[in-house]
$ cat coords-v6.csv   # CSV, C-alpha atoms and all ligand atoms
chain,number,residue,atom,x,y,z
K,1,MET,CA,113.9,120.8,89.0
K,2,ALA,CA,117.0,118.5,88.9
K,3,GLY,CA,117.9,117.1,92.3
K,4,ASN,CA,114.4,117.6,93.7
K,5,ARG,CA,112.7,114.5,92.6
K,6,THR,CA,113.1,110.8,93.2
K,7,PHE,CA,111.1,107.7,92.3
K,8,THR,CA,109.9,105.0,94.7
K,9,MET,CA,108.0,101.7,94.7
K,10,ILE,CA,106.3,100.1,97.6
K,11,LYS,CA,107.2,96.5,96.8
K,12,PRO,CA,104.8,93.5,96.7
K,13,ASP,CA,105.8,92.1,100.2
K,14,ALA,CA,105.0,95.5,101.9
K,15,VAL,CA,101.7,95.9,100.0
K,16,ALA,CA,100.6,92.3,100.7
K,17,ASP,CA,101.5,92.7,104.4
K,18,GLY,CA,99.2,95.8,104.7
K,19,ASN,CA,102.1,98.2,105.2
K,20,MET,CA,101.3,100.6,102.3
K,21,GLY,CA,99.6,103.2,104.5
K,22,ALA,CA,102.3,103.2,107.2
K,23,ILE,CA,105.1,103.6,104.6
K,24,LEU,CA,103.3,106.4,102.8
K,25,LYS,CA,102.9,108.1,106.2
K,26,MET,CA,106.6,107.8,106.9
K,27,ILE,CA,107.4,109.2,103.4
K,28,GLU,CA,105.1,112.2,104.0
K,29,ASP,CA,106.3,112.8,107.6
K,30,ALA,CA,109.8,112.9,106.2
K,31,GLY,CA,108.9,115.9,104.1
K,32,PHE,CA,108.4,114.3,100.7
K,33,LYS,CA,105.6,115.6,98.5
K,34,ILE,CA,103.8,113.0,96.4
K,35,ILE,CA,103.8,114.3,92.8
K,36,SER,CA,102.4,111.2,91.0
K,37,MET,CA,101.2,107.9,92.4
K,38,LYS,CA,99.7,104.7,91.1
K,39,TYR,CA,98.6,101.3,92.5
K,40,THR,CA,99.4,98.7,89.9
K,41,ARG,CA,101.1,95.4,89.2
K,42,LEU,CA,104.1,94.7,87.0
K,43,SER,CA,104.2,91.8,84.5
K,44,ALA,CA,107.4,89.7,84.6
K,45,ASP,CA,108.3,91.4,81.3
K,46,LEU,CA,107.9,94.9,82.7
K,47,ALA,CA,109.7,94.0,86.0
K,48,GLY,CA,112.6,92.6,83.9
K,49,LYS,CA,112.8,95.8,81.9
K,50,PHE,CA,112.7,98.0,85.0
K,51,TYR,CA,115.6,96.1,86.6
K,52,GLU,CA,117.5,95.5,83.3
K,53,VAL,CA,120.7,97.0,84.9
K,54,HIS,CA,120.8,94.0,87.2
K,55,LYS,CA,120.4,91.5,84.3
K,56,GLU,CA,123.8,89.9,84.9
K,57,ARG,CA,123.4,89.6,88.6
K,58,PRO,CA,122.7,86.2,90.2
K,59,PHE,CA,119.6,87.5,91.9
K,60,TYR,CA,118.0,88.9,88.7
K,61,GLY,CA,115.5,86.0,88.1
K,62,GLU,CA,114.4,86.0,91.7
K,63,LEU,CA,114.0,89.8,91.7
K,64,VAL,CA,111.9,89.8,88.6
K,65,GLU,CA,109.7,87.0,90.0
K,66,TYR,CA,109.3,88.8,93.3
K,67,MET,CA,108.6,92.2,91.7
K,68,SER,CA,105.8,90.8,89.5
K,69,SER,CA,104.3,88.6,92.3
K,70,GLY,CA,101.7,91.2,93.5
K,71,SER,CA,100.5,94.8,93.6
K,72,ILE,CA,102.9,97.6,94.1
K,73,VAL,CA,102.6,101.4,94.6
K,74,ALA,CA,104.8,103.5,92.2
K,75,ALA,CA,105.3,107.2,93.0
K,76,ILE,CA,107.3,110.3,92.1
K,77,LEU,CA,108.4,112.2,95.2
K,78,GLU,CA,109.6,115.8,95.6
K,79,LYS,CA,111.9,117.3,98.2
K,80,ASP,CA,115.2,119.1,98.3
K,81,ASN,CA,118.0,116.6,97.9
K,82,ALA,CA,115.3,113.9,97.1
K,83,VAL,CA,117.5,111.0,95.9
K,84,ALA,CA,120.0,111.0,98.8
K,85,ASP,CA,117.4,111.9,101.5
K,86,PHE,CA,115.1,109.2,100.4
K,87,ARG,CA,117.8,106.5,100.4
K,88,THR,CA,118.6,107.6,104.0
K,89,LEU,CA,114.9,107.2,104.9
K,90,ILE,CA,114.7,103.7,103.4
K,91,GLY,CA,118.0,102.4,104.8
K,92,ALA,CA,120.4,99.7,103.5
K,93,THR,CA,119.3,97.1,100.9
K,94,ASN,CA,119.8,94.4,103.5
K,95,PRO,CA,117.4,95.1,106.5
K,96,ALA,CA,119.9,93.4,108.8
K,97,GLU,CA,122.2,96.4,108.0
K,98,ALA,CA,119.5,99.1,107.9
K,99,ALA,CA,119.7,101.9,110.5
K,100,GLU,CA,117.1,102.0,113.3
K,101,GLY,CA,113.9,103.9,112.3
K,102,THR,CA,114.4,103.3,108.5
K,103,ILE,CA,111.6,101.9,106.4
K,104,ARG,CA,113.5,98.8,105.6
K,105,LYS,CA,114.5,98.2,109.2
K,106,LEU,CA,110.8,98.4,110.1
K,107,TYR,CA,109.2,96.6,107.2
K,108,ALA,CA,111.7,94.6,105.1
K,109,LYS,CA,111.8,90.8,105.4
K,110,SER,CA,115.1,90.1,103.7
K,111,ILE,CA,117.7,91.5,101.2
K,112,GLY,CA,115.4,90.4,98.4
K,113,GLU,CA,112.0,91.3,99.9
K,114,ASN,CA,112.9,94.7,101.1
K,115,ALA,CA,109.7,96.7,101.1
K,116,VAL,CA,110.7,99.7,99.1
K,117,HIS,CA,112.7,100.9,96.1
K,118,GLY,CA,114.5,104.2,95.9
K,119,SER,CA,116.3,105.6,92.8
K,120,ASP,CA,120.1,105.8,93.1
K,121,SER,CA,120.7,108.9,91.0
K,122,ASP,CA,118.9,112.0,89.6
K,123,GLU,CA,119.2,110.5,86.1
K,124,ASN,CA,117.7,107.2,87.2
K,125,ALA,CA,114.9,108.9,89.1
K,126,GLN,CA,113.9,110.6,85.9
K,127,ILE,CA,114.2,107.4,83.8
K,128,GLU,CA,112.2,105.4,86.4
K,129,GLY,CA,109.5,108.1,86.8
K,130,ASN,CA,109.1,108.2,83.0
K,131,PHE,CA,108.8,104.4,83.0
K,132,PHE,CA,105.6,104.5,85.0
K,133,PHE,CA,104.0,107.9,84.3
K,134,SER,CA,103.2,109.8,81.2
K,135,GLN,CA,104.1,113.5,80.9
K,136,PHE,CA,100.4,114.4,81.8
K,137,GLU,CA,100.8,112.5,85.1
K,138,ARG,CA,104.0,114.2,86.1
K,139,PHE,CA,102.8,117.8,86.4
R,1,LIG,P1,116.4,99.3,95.0
R,1,LIG,O1,117.1,99.5,93.6
R,1,LIG,O2,115.2,98.3,94.9
R,1,LIG,O3,116.0,100.5,95.6
R,1,LIG,O4,117.4,98.6,96.0
R,1,LIG,P2,118.9,99.0,96.2
R,1,LIG,O5,119.3,100.1,95.3
R,1,LIG,O6,119.1,99.2,97.7
R,1,LIG,O7,119.7,97.6,95.8
R,1,LIG,P3,120.1,97.2,94.3
R,1,LIG,O8,121.6,96.8,94.5
R,1,LIG,O9,119.8,98.2,93.3
R,1,LIG,O10,119.3,95.8,94.1
R,1,LIG,C1,118.0,95.9,93.6
R,1,LIG,C2,117.1,95.0,94.4
R,1,LIG,O11,117.4,93.6,94.1
R,1,LIG,C3,117.2,92.8,95.2
R,1,LIG,N1,118.4,92.2,95.6
R,1,LIG,N2,118.5,90.9,96.0
R,1,LIG,N3,119.4,88.4,96.9
R,1,LIG,C4,120.2,89.4,96.8
R,1,LIG,O12,121.4,89.3,97.1
R,1,LIG,C5,119.7,90.7,96.3
R,1,LIG,N4,120.5,91.8,96.2
R,1,LIG,C6,119.6,92.7,95.8
R,1,LIG,C7,116.6,93.7,96.3
R,1,LIG,O13,115.2,93.7,96.2
R,1,LIG,C8,117.2,95.0,95.9
R,1,LIG,O14,116.4,96.1,96.4
R,2,MG,MG,119.0,100.1,93.3
$ encode --input "coords-v6.csv" --output "structure tokens" --more "lines below"
Ligand code: RTP
Ligand code: MG
Amino acid sequence: MAGNRTFTMIKPDAVADGNMGAILKMIEDAGFKIISMKYTRLSADLAGKFYEVHKERPFYGELVEYMSSGSIVAAILEKDNAVADFRTLIGATNPAEAAEGTIRKLYAKSIGENAVHGSDSDENAQIEGNFFFSQFERF
């Protein structure tokens, strides 16, 4: 149902640091149900496509390189008010500005290597979920 799902990635820095389990635990403890999940790695081409909206931004090249640098976890999550509640749980893009107790406050290294992704709208949550999961994986 619209409004009840969001899409997340646990980014390469957090997976490489061994924080995948702790982050998934925080996500579940906050009341999100995992609908679909995969452990995978993005090629530079796919990372570039996923973040195409940022193509003109100065950090785009760095972002694509980082997002294709190691394994990630991609997941579709379900909860009432999923998009907004998940962005509250992860905290501000820059960990220096992220609220206490948020995933980025606890696990992000910098504004670039910031541990997790969260969709910014219901529309993008659907587009991003469809990017990673076929209709048979999104029951
Ligand atoms: P995300 O899409 O990954 O959930 O992050 P966000 O909405 O909080 O931030 P957004 O503006 O969409 O930026 C996407 C990702 O690009 C990297 N970034 N680097 N070096 C920089 O100034 C900079 N700014 C953004 C981060 O990895 C950010 O999450
Ligand atoms: Mg974003």
$ residues_around --input "coords-v6.csv" --residues "range 83-85 of chain K" --least-positions-apart "5" --cutoff "8 Å" --atoms "all atoms listed in the file" --output "PDB file with C-alpha atoms, in the frame of the given file"
ATOM      1  CA  GLY K   3     117.900 117.100  92.300  1.00  0.00           C
ATOM      2  CA  ASN K   4     114.400 117.600  93.700  1.00  0.00           C
ATOM      3  CA  ARG K   5     112.700 114.500  92.600  1.00  0.00           C
ATOM      4  CA  THR K   6     113.100 110.800  93.200  1.00  0.00           C
ATOM      5  CA  GLY K 118     114.500 104.200  95.900  1.00  0.00           C
ATOM      6  CA  SER K 119     116.300 105.600  92.800  1.00  0.00           C
ATOM      7  CA  ASP K 120     120.100 105.800  93.100  1.00  0.00           C
ATOM      8  CA  SER K 121     120.700 108.900  91.000  1.00  0.00           C
ATOM      9  CA  ASP K 122     118.900 112.000  89.600  1.00  0.00           C
ATOM     10  CA  ALA K 125     114.900 108.900  89.100  1.00  0.00           C
TER      11      ALA K 125
END
$ atom_distance --input "coords-v6.csv" --atom1 "atom P3 of ligand LIG 1 (chain R)" --atom2 "CA of Met37 in chain K"
21.8 Å
$ atom_distance --input "coords-v6.csv" --atom1 "CA of Glu137 in chain K" --atom2 "atom O8 of ligand LIG 1 (chain R)"
27.7 Å
$ residues_near_ligand --input "coords-v6.csv" --ligand "ligand LIG 1 (chain R)" --cutoff "6 Å" --atoms "all atoms listed in the file" --output "PDB file with C-alpha atoms, in the coordinates of the input"
ATOM      1  CA  PHE K  59     119.600  87.500  91.900  1.00  0.00           C
ATOM      2  CA  LEU K  63     114.000  89.800  91.700  1.00  0.00           C
ATOM      3  CA  ALA K  92     120.400  99.700 103.500  1.00  0.00           C
ATOM      4  CA  THR K  93     119.300  97.100 100.900  1.00  0.00           C
ATOM      5  CA  ILE K 111     117.700  91.500 101.200  1.00  0.00           C
ATOM      6  CA  GLY K 112     115.400  90.400  98.400  1.00  0.00           C
ATOM      7  CA  GLU K 113     112.000  91.300  99.900  1.00  0.00           C
ATOM      8  CA  ASN K 114     112.900  94.700 101.100  1.00  0.00           C
ATOM      9  CA  HIS K 117     112.700 100.900  96.100  1.00  0.00           C
ATOM     10  CA  GLY K 118     114.500 104.200  95.900  1.00  0.00           C
ATOM     11  CA  SER K 119     116.300 105.600  92.800  1.00  0.00           C
TER      12      SER K 119
END
$ atom_distance --input "coords-v6.csv" --atom1 "CA of Pro12 in chain K" --atom2 "CA of Asp80 in chain K"
27.7 Å
$ residues_near_point --input "coords-v6.csv" --point "(102.6, 108.9, 103.0)" --cutoff "12 Å" --atoms "all atoms listed in the file" --output "PDB file with C-alpha atoms, in the coordinates of the input"
ATOM      1  CA  THR K   8     109.900 105.000  94.700  1.00  0.00           C
ATOM      2  CA  ILE K  10     106.300 100.100  97.600  1.00  0.00           C
ATOM      3  CA  ASN K  19     102.100  98.200 105.200  1.00  0.00           C
ATOM      4  CA  MET K  20     101.300 100.600 102.300  1.00  0.00           C
ATOM      5  CA  GLY K  21      99.600 103.200 104.500  1.00  0.00           C
ATOM      6  CA  ALA K  22     102.300 103.200 107.200  1.00  0.00           C
ATOM      7  CA  ILE K  23     105.100 103.600 104.600  1.00  0.00           C
ATOM      8  CA  LEU K  24     103.300 106.400 102.800  1.00  0.00           C
ATOM      9  CA  LYS K  25     102.900 108.100 106.200  1.00  0.00           C
ATOM     10  CA  MET K  26     106.600 107.800 106.900  1.00  0.00           C
ATOM     11  CA  ILE K  27     107.400 109.200 103.400  1.00  0.00           C
ATOM     12  CA  GLU K  28     105.100 112.200 104.000  1.00  0.00           C
ATOM     13  CA  ASP K  29     106.300 112.800 107.600  1.00  0.00           C
ATOM     14  CA  ALA K  30     109.800 112.900 106.200  1.00  0.00           C
ATOM     15  CA  GLY K  31     108.900 115.900 104.100  1.00  0.00           C
ATOM     16  CA  PHE K  32     108.400 114.300 100.700  1.00  0.00           C
ATOM     17  CA  LYS K  33     105.600 115.600  98.500  1.00  0.00           C
ATOM     18  CA  ILE K  34     103.800 113.000  96.400  1.00  0.00           C
ATOM     19  CA  ILE K  35     103.800 114.300  92.800  1.00  0.00           C
ATOM     20  CA  MET K  37     101.200 107.900  92.400  1.00  0.00           C
ATOM     21  CA  VAL K  73     102.600 101.400  94.600  1.00  0.00           C
ATOM     22  CA  ALA K  75     105.300 107.200  93.000  1.00  0.00           C
ATOM     23  CA  ILE K  76     107.300 110.300  92.100  1.00  0.00           C
ATOM     24  CA  LEU K  77     108.400 112.200  95.200  1.00  0.00           C
ATOM     25  CA  ILE K 103     111.600 101.900 106.400  1.00  0.00           C
TER      26      ILE K 103
END
